[in-house]
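*Asks:* Dropping the structure in here first, questions after.
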Protein chains: 2
Amino acid sequence: MCVKEEVDIIIARFESLEESKQHKIRQAALEEFAAHGYEKASTNRIVKAAGIGKGMLFYYFTRKQELYEYLVKYSLEFIQSQYLDKVDAGEPDLIERLTQLARLKMEAQAENEEVFKFSAVFLQEGEPHLPKELAADIENMKQAGYKLMYEGIDRSRFRKDADPEKVFHLIRWSIDGYQQELLARLTGQKLAEIDFAPYWQEFYGYLAILKKSFYETEEES
Amino acid sequence: MCVKEEVDIIIARFESLEESKQHKIRQAALEEFAAHGYEKASTNRIVKAAGIGKGMLFYYFTRKQELYEYLVKYSLEFIQSQYLDKVDAGEPDLIERLTQLARLKMEAQAENEEVFKFSAVFLQEGEPHLPKELAADIENMKQAGYKLMYEGIDRSRFRKDADPEKVFHLIRWSIDGYQQELLARLTGQKLAEIDFAPYWQEFYGYLAILKKSFYETEEES
DNA sequence: ACACAACTAGACCACCCTGGTCGACTCCAA
DNA sequence: TTGGAGTCGACCAGGGTGGTCTAGTTGTGT
C-alpha cells in the first residue's frame with residue numbers, strides 16, 4: 001500500500017509536467033515499445049528521442065515497467081474515450097455500423113497513431129509484465145470492441161438465400177480489407193495531414209456494391 | 001571472385017550434410033530470423049535450438065549474413081517451386097483462381113510453415129543486408145505473385161451493374177479475410193496435422209455466396 | 001542574501017549478450 | 001601413425017542494458 005502510494009506520487013511528477021513535454025516523452029516511449037516490444041525496447045533510445053536526460057525518465061517512472069504500465073493505461077483510456085465511446089451501438093445496420101467504426105477509428109488514429117501501434121503490441125504480447133488488474137482492463141476493452149462489432153446487428157436485412165452469419169463475415173472482411181489496403185497504400189505519410197475525402201468517396205462506392213449484393217433488394221418492380 | 005568461390009565451398013559443407021541435420025539447422029534459423037528479424041536474431045539461440053555447437057554454424061556459414069542470404073535463397077526457391085509454379089495461370093475465373101492460390105499456399109505452408117513466416121519478414125525488412133542480386137530475385141518473386149493474382153482474370157463474369165475493378169477487390173478481400181481468420185483460429189496447432197476437409201467445406205459455402213452475389217446470374221427464368 | 005527543495009543531465013555501474021575465434025578433441029581413411 | 005575433416009563450447013572484445021548517483025541549476029519563500 002505504502003509502495004503503491006509512492007508510485008502515485010512519482011507518476012504525479014510526470015503528470016504535472018507541461019503537456020507538450022509529457023506528450024513528447026509519451027510519444028517517444030509509445031513508438032519505442034510499439035517498434036520493439038517490452039523486453040527489447042531501450043530506455044536509452046526513449047530518452048534520446050524524447051530529448052531528456054536518462055535521469056528524468058527514472059525520476060518520473062522509477063522503473064521501465066512502470067513506464068510501460070502507464071502507457072498501457074494511457075492507451076486504454078485514449079482508445080476508450082476517443083474511439084469506442086463514440087460508437088453508436090444502437091445502429092442495427094451492419095454496413096452503417098462498420099462504416100462508423102472505420103471512420104471513428106480512422107479519426108482517433110489520425111489524432112494519435114502511436115497509441116494504436118502500441119496497443120497492437122500489448123494486445124498480442126502474452127503479458128508477463130502487467131499486474132492482473134491491468135490485464136483485466138485489457139480483456140474488458142477487447143470484449144467491448146467485440147460487442148461493438150457483433151452485438152445488436154439486424155441480420156434480417158441480408159439476402160434471404162444465404163446463411164446470414166456468412167454474409168455478416170463477408171461484409172466485415174470486405175470492409176477490413178479496404179481499410180487495410182488503404183493503410184498500406186498510405187504508409188509513410190502522416191495520417192493527420194491526409195485529405196481523406198476522396199478515399200471516403202471510393203469507400204462509399206464499395207459499400208454501394210456490398211449493399212446491392214448482400215442485402216435483400218427492396219423494390220422488386 | 002576468389003572469395004565468392006570460397007563461400008560456395010563453405011556452404012557446400014552444409015549442403016553435403018545429411019538432410020535431417022540440414023533441416024533442423026535450417027528450421028531453427030528460419031524460426032529465429034522470422035521471430036526477431038536480421039539484427040536482433042541471435043546465433044546463440046539458433047545453435048541451441050538446432051542442437052549444434054557454435055563452431056559448427058560458422059564452419060558452415062562463416063558469417064551471420066551468409067546464413068541469412070542462404071535462407072532467403074532457400075525460401076525463394078521453396079516458395080517458387082512448391083507454390084507459385086503449381087498455379088494454373090490460365091484459369092480465368094477469379095474465384096477459381098483465388099481458391100487455387102489459397103489451396104496451394106495452404107499446402108505449401110503445411111509443408112514448411114517457417115519458410116512463409118520468414119519470407120513475411122524479409123519481404124518487409126527494407127533489406128540493408130542482401131546483395132542486390134538477391135534483392136532483385138525477391139522483387140521478381142513479388143512481381144510473379146502479383147501477376148498470378150491479377151493477370152488474365154475474366155472480369156466479364158461479374159455483375160454488370162458494378163465497377164468490375166471494385167468487385168474484383170471485394171472478392172479478393174473476402175477470400176483473404178477467411179484465410180486470415182482461419183489461420184488465426186488455428187494458431188498453435190501444427191498445420192501439417194490438421195484435417196482441413198471441414199474448413200474447405202465451410203470455405204465453399206462462402207464461395208457459393210460470393211458467386212451468387214457478385215457474378216452475373218446465368219438463368220433469368 | 002540565503003537556504004533549501006525541486007528539477008535536470010549524463011557519466012557511470014555491473015551485468016549480460018553479441019558475433020565471431022580458437023584450441024582441444026574425436027573419428028576415420030590412408 | 002598421421003593428418004585432415006568435423007565438432008564442441010570456452011573465450012574474446014565490444015557494445016548495449018536498466019538503473020543509480022553526483023554535481024549542478026533553477027526557483028521560491030523568507
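So you can find residues: chains in the C-alpha cells are A, B, ... in the order shown, residues in each start at 1, and ligands are numbered from 1 in order.
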Taking only C-alpha atoms (C1' of nucleotides) into account, produce a table as CSV in which each residue of chain B with an atom at most 9 Å from an atom of chain D appears once, together with its shortest atom pair and the distance in Å to one decimal, ordered by chain and rising number.

*Replies:*
residue,atom,partner,partner_atom,distance
B:Ile52,CA,D:DC8,C1',8.1
B:Gly53,CA,D:DC8,C1',5.3
B:Lys54,CA,D:DG9,C1',7.1
B:Gly55,CA,D:DC8,C1',6.8
B:Met56,CA,D:DT7,C1',6.8

*Asks:* Taking only C-alpha atoms into account, which residues of chain A are within 9 Å of chain B, as a PDB file with N, CA and C atoms, in the first residue's frame?

*Replies:*
ATOM      1  N   LYS A  40      12.698  -5.734 -25.584  1.00  0.00           N
ATOM      2  CA  LYS A  40      13.764  -5.189 -26.429  1.00  0.00           C
ATOM      3  C   LYS A  40      13.694  -3.680 -26.593  1.00  0.00           C
ATOM      4  N   ASP A 161     -31.346 -15.825 -49.354  1.00  0.00           N
ATOM      5  CA  ASP A 161     -30.901 -17.115 -49.901  1.00  0.00           C
ATOM      6  C   ASP A 161     -29.482 -17.476 -49.480  1.00  0.00           C
ATOM      7  N   ALA A 162     -29.016 -16.887 -48.380  1.00  0.00           N
ATOM      8  CA  ALA A 162     -27.663 -17.211 -47.913  1.00  0.00           C
ATOM      9  C   ALA A 162     -27.611 -17.174 -46.380  1.00  0.00           C
ATOM     10  N   ASP A 163     -26.752 -17.980 -45.834  1.00  0.00           N
ATOM     11  CA  ASP A 163     -26.542 -18.004 -44.378  1.00  0.00           C
ATOM     12  C   ASP A 163     -26.146 -16.603 -43.885  1.00  0.00           C
ATOM     13  N   LYS A 166     -22.670 -16.042 -42.539  1.00  0.00           N
ATOM     14  CA  LYS A 166     -21.601 -15.977 -43.539  1.00  0.00           C
ATOM     15  C   LYS A 166     -21.609 -14.612 -44.226  1.00  0.00           C
ATOM     16  N   VAL A 167     -22.786 -14.119 -44.531  1.00  0.00           N
ATOM     17  CA  VAL A 167     -22.878 -12.796 -45.156  1.00  0.00           C
ATOM     18  C   VAL A 167     -22.260 -11.749 -44.234  1.00  0.00           C
ATOM     19  N   HIS A 169     -19.892 -12.100 -42.083  1.00  0.00           N
ATOM     20  CA  HIS A 169     -18.438 -12.159 -42.149  1.00  0.00           C
ATOM     21  C   HIS A 169     -17.897 -11.586 -43.450  1.00  0.00           C
ATOM     22  N   LEU A 170     -18.552 -11.932 -44.542  1.00  0.00           N
ATOM     23  CA  LEU A 170     -18.066 -11.441 -45.832  1.00  0.00           C
ATOM     24  C   LEU A 170     -18.051  -9.916 -45.860  1.00  0.00           C
ATOM     25  N   ILE A 171     -19.084  -9.326 -45.322  1.00  0.00           N
ATOM     26  CA  ILE A 171     -19.138  -7.863 -45.307  1.00  0.00           C
ATOM     27  C   ILE A 171     -18.016  -7.301 -44.430  1.00  0.00           C
ATOM     28  N   ARG A 172     -17.845  -7.916 -43.286  1.00  0.00           N
ATOM     29  CA  ARG A 172     -16.791  -7.444 -42.394  1.00  0.00           C
ATOM     30  C   ARG A 172     -15.409  -7.564 -43.047  1.00  0.00           C
ATOM     31  N   TRP A 173     -15.163  -8.717 -43.653  1.00  0.00           N
ATOM     32  CA  TRP A 173     -13.859  -8.906 -44.298  1.00  0.00           C
ATOM     33  C   TRP A 173     -13.642  -7.905 -45.419  1.00  0.00           C
ATOM     34  N   SER A 174     -14.695  -7.616 -46.144  1.00  0.00           N
ATOM     35  CA  SER A 174     -14.560  -6.666 -47.246  1.00  0.00           C
ATOM     36  C   SER A 174     -14.144  -5.293 -46.723  1.00  0.00           C
ATOM     37  N   ILE A 175     -14.839  -4.859 -45.702  1.00  0.00           N
ATOM     38  CA  ILE A 175     -14.549  -3.526 -45.170  1.00  0.00           C
ATOM     39  C   ILE A 175     -13.168  -3.485 -44.516  1.00  0.00           C
ATOM     40  N   ASP A 176     -12.841  -4.524 -43.753  1.00  0.00           N
ATOM     41  CA  ASP A 176     -11.491  -4.611 -43.184  1.00  0.00           C
ATOM     42  C   ASP A 176     -10.448  -4.604 -44.290  1.00  0.00           C
ATOM     43  N   GLY A 177     -10.748  -5.324 -45.352  1.00  0.00           N
ATOM     44  CA  GLY A 177      -9.811  -5.416 -46.464  1.00  0.00           C
ATOM     45  C   GLY A 177      -9.529  -4.048 -47.061  1.00  0.00           C
ATOM     46  N   TYR A 178     -10.583  -3.265 -47.258  1.00  0.00           N
ATOM     47  CA  TYR A 178     -10.365  -1.938 -47.811  1.00  0.00           C
ATOM     48  C   TYR A 178      -9.518  -1.091 -46.870  1.00  0.00           C
ATOM     49  N   GLY A 205     -18.303   3.848 -52.701  1.00  0.00           N
ATOM     50  CA  GLY A 205     -18.517   3.050 -53.908  1.00  0.00           C
ATOM     51  C   GLY A 205     -18.550   1.566 -53.587  1.00  0.00           C
ATOM     52  N   TYR A 206     -17.599   1.150 -52.751  1.00  0.00           N
ATOM     53  CA  TYR A 206     -17.567  -0.258 -52.340  1.00  0.00           C
ATOM     54  C   TYR A 206     -18.815  -0.624 -51.553  1.00  0.00           C
ATOM     55  N   ALA A 208     -21.770   0.639 -51.679  1.00  0.00           N
ATOM     56  CA  ALA A 208     -22.944   0.526 -52.536  1.00  0.00           C
ATOM     57  C   ALA A 208     -23.015  -0.864 -53.160  1.00  0.00           C
ATOM     58  N   ILE A 209     -21.867  -1.344 -53.602  1.00  0.00           N
ATOM     59  CA  ILE A 209     -21.842  -2.680 -54.194  1.00  0.00           C
ATOM     60  C   ILE A 209     -22.197  -3.739 -53.158  1.00  0.00           C
ATOM     61  N   LEU A 210     -21.646  -3.566 -51.968  1.00  0.00           N
ATOM     62  CA  LEU A 210     -21.946  -4.542 -50.907  1.00  0.00           C
ATOM     63  C   LEU A 210     -23.447  -4.591 -50.639  1.00  0.00           C
ATOM     64  N   LYS A 212     -25.907  -3.691 -52.632  1.00  0.00           N
ATOM     65  CA  LYS A 212     -26.592  -4.259 -53.790  1.00  0.00           C
ATOM     66  C   LYS A 212     -26.472  -5.787 -53.786  1.00  0.00           C
ATOM     67  N   SER A 213     -25.310  -6.258 -53.348  1.00  0.00           N
ATOM     68  CA  SER A 213     -25.030  -7.680 -53.491  1.00  0.00           C
ATOM     69  C   SER A 213     -25.511  -8.521 -52.321  1.00  0.00           C
ATOM     70  N   PHE A 214     -25.412  -7.969 -51.128  1.00  0.00           N
ATOM     71  CA  PHE A 214     -25.663  -8.800 -49.953  1.00  0.00           C
ATOM     72  C   PHE A 214     -26.976  -8.502 -49.242  1.00  0.00           C
TER      73      PHE A 214
END

*Asks:* Residues of chain C within 10 Å of chain B, using only C-alpha atoms (C1' of nucleotides), as a tab-separated table (two decimals) with N, CA and C atoms (P, O5', C5', C4', C3', O3' and C1' of nucleotides), in the first residue's frame?

*Replies:*
chain	number	residue	atom	x	y	z
C	17	DC	P	21.68	-12.80	-20.78
C	17	DC	O5'	21.90	-12.58	-22.34
C	17	DC	C5'	21.44	-11.37	-22.94
C	17	DC	C4'	22.32	-11.08	-24.12
C	17	DC	C3'	22.70	-12.33	-24.95
C	17	DC	O3'	22.16	-12.17	-26.25
C	17	DC	C1'	24.57	-10.92	-24.59
C	18	DT	P	22.40	-13.20	-27.41
C	18	DT	O5'	23.08	-12.39	-28.58
C	18	DT	C5'	23.03	-10.96	-28.63
C	18	DT	C4'	24.24	-10.42	-29.37
C	18	DT	C3'	24.86	-11.42	-30.33
C	18	DT	O3'	24.18	-11.30	-31.58
C	18	DT	C1'	26.55	-10.26	-29.04
C	19	DG	P	24.29	-12.45	-32.69
C	19	DG	O5'	25.70	-12.19	-33.35
C	19	DG	C5'	25.91	-11.00	-34.12
C	19	DG	C4'	27.37	-10.95	-34.53
C	19	DG	C3'	27.81	-12.06	-35.48
C	19	DG	O3'	28.78	-11.50	-36.36
C	19	DG	C1'	29.03	-12.23	-33.47
C	20	DG	P	29.38	-12.37	-37.57
C	20	DG	O5'	30.67	-12.99	-36.89
C	20	DG	C5'	31.70	-12.10	-36.47
C	20	DG	C4'	32.76	-12.86	-35.72
C	20	DG	C3'	33.31	-14.11	-36.42
C	20	DG	O3'	34.70	-13.89	-36.65
C	20	DG	C1'	32.92	-14.49	-34.12
C	21	DT	P	35.70	-14.95	-37.27
C	21	DT	O5'	36.50	-15.44	-35.99
C	21	DT	C5'	37.08	-14.46	-35.13
C	21	DT	C4'	37.94	-15.16	-34.08
C	21	DT	C3'	38.88	-16.24	-34.60
C	21	DT	O3'	40.11	-16.06	-33.91
C	21	DT	C1'	37.50	-17.17	-32.93
C	22	DC	P	41.45	-16.73	-34.54
C	22	DC	O5'	41.74	-17.84	-33.44
C	22	DC	C5'	41.33	-17.58	-32.09
C	22	DC	C4'	41.49	-18.85	-31.28
C	22	DC	C3'	42.37	-19.91	-31.93
C	22	DC	O3'	43.16	-20.48	-30.93
C	22	DC	C1'	40.25	-20.83	-31.48

*Asks:* Considering only C-alpha atoms, can you say which of B:Ala102, B:Ile46, B:Val115, B:Val72 comes closest to B:Pro131?

*Replies:*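 Looking only at the distances to B:Pro131, the closest residue turns out to be B:Val72.
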
*Asks:* Give me, please, the distance in Å between atom CA of A:Gly145 and atom CA of A:Leu84, quoted to one decimal.

*Replies:*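 Between atom CA of A:Gly145 and atom CA of A:Leu84 the gap is 7.1 Å.
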
*Asks:* Quick one: pull the distance between atom CA of A:Ala12 and atom CA of A:Leu130, Å, one decimal.

*Replies:*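 A separation of 19.6 Å between them.
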
*Asks:* If we count only C-alpha atoms (C1' of nucleotides) and set the cut-off at 10 Å, which residues sit around stretch 187-198 of chain A, ignoring sequence neighbours fewer than 2 positions away in its own chain? Please answer as a ChimeraX atom specification.

*Replies:* /A:106-113,182-185,200-204

*Asks:* Name the residues in contact with B:Glu133 at a cut-off of 12 Å, using only C-alpha atoms (C1' of nucleotides), excluding same-chain residues fewer than 6 positions from it; report them as a PDB file with N, CA and C atoms, in the first residue's frame.

*Replies:*
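Here's the written file around-v4.pdb:
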ATOM      1  N   GLU B  69      21.484 -14.950 -46.044  1.00  0.00           N
ATOM      2  CA  GLU B  69      21.340 -14.995 -47.500  1.00  0.00           C
ATOM      3  C   GLU B  69      20.963 -16.394 -47.977  1.00  0.00           C
ATOM      4  N   VAL B  72      17.307 -16.851 -47.343  1.00  0.00           N
ATOM      5  CA  VAL B  72      16.476 -16.126 -48.304  1.00  0.00           C
ATOM      6  C   VAL B  72      16.420 -16.902 -49.613  1.00  0.00           C
ATOM      7  N   LYS B  73      17.600 -17.316 -50.080  1.00  0.00           N
ATOM      8  CA  LYS B  73      17.643 -18.043 -51.336  1.00  0.00           C
ATOM      9  C   LYS B  73      16.807 -19.324 -51.234  1.00  0.00           C
ATOM     10  N   GLU B 127      15.628  -4.223 -46.912  1.00  0.00           N
ATOM     11  CA  GLU B 127      16.855  -5.040 -46.876  1.00  0.00           C
ATOM     12  C   GLU B 127      18.147  -4.236 -47.017  1.00  0.00           C
ATOM     13  N   GLU B 139      12.347  -9.139 -55.654  1.00  0.00           N
ATOM     14  CA  GLU B 139      11.423  -8.295 -56.405  1.00  0.00           C
ATOM     15  C   GLU B 139      10.730  -9.103 -57.497  1.00  0.00           C
ATOM     16  N   ASN B 140      11.486  -9.958 -58.157  1.00  0.00           N
ATOM     17  CA  ASN B 140      10.891 -10.803 -59.193  1.00  0.00           C
ATOM     18  C   ASN B 140       9.777 -11.680 -58.636  1.00  0.00           C
TER      19      ASN B 140
END

*Asks:* Which residues in stretch 72-211 of chain A does DSSP call alpha helix (DSSP H)? List them as a VMD selection string.

*Replies:* chain A and resid 72 to 82 94 to 111 113 to 124 132 to 150 164 to 185 197 to 211
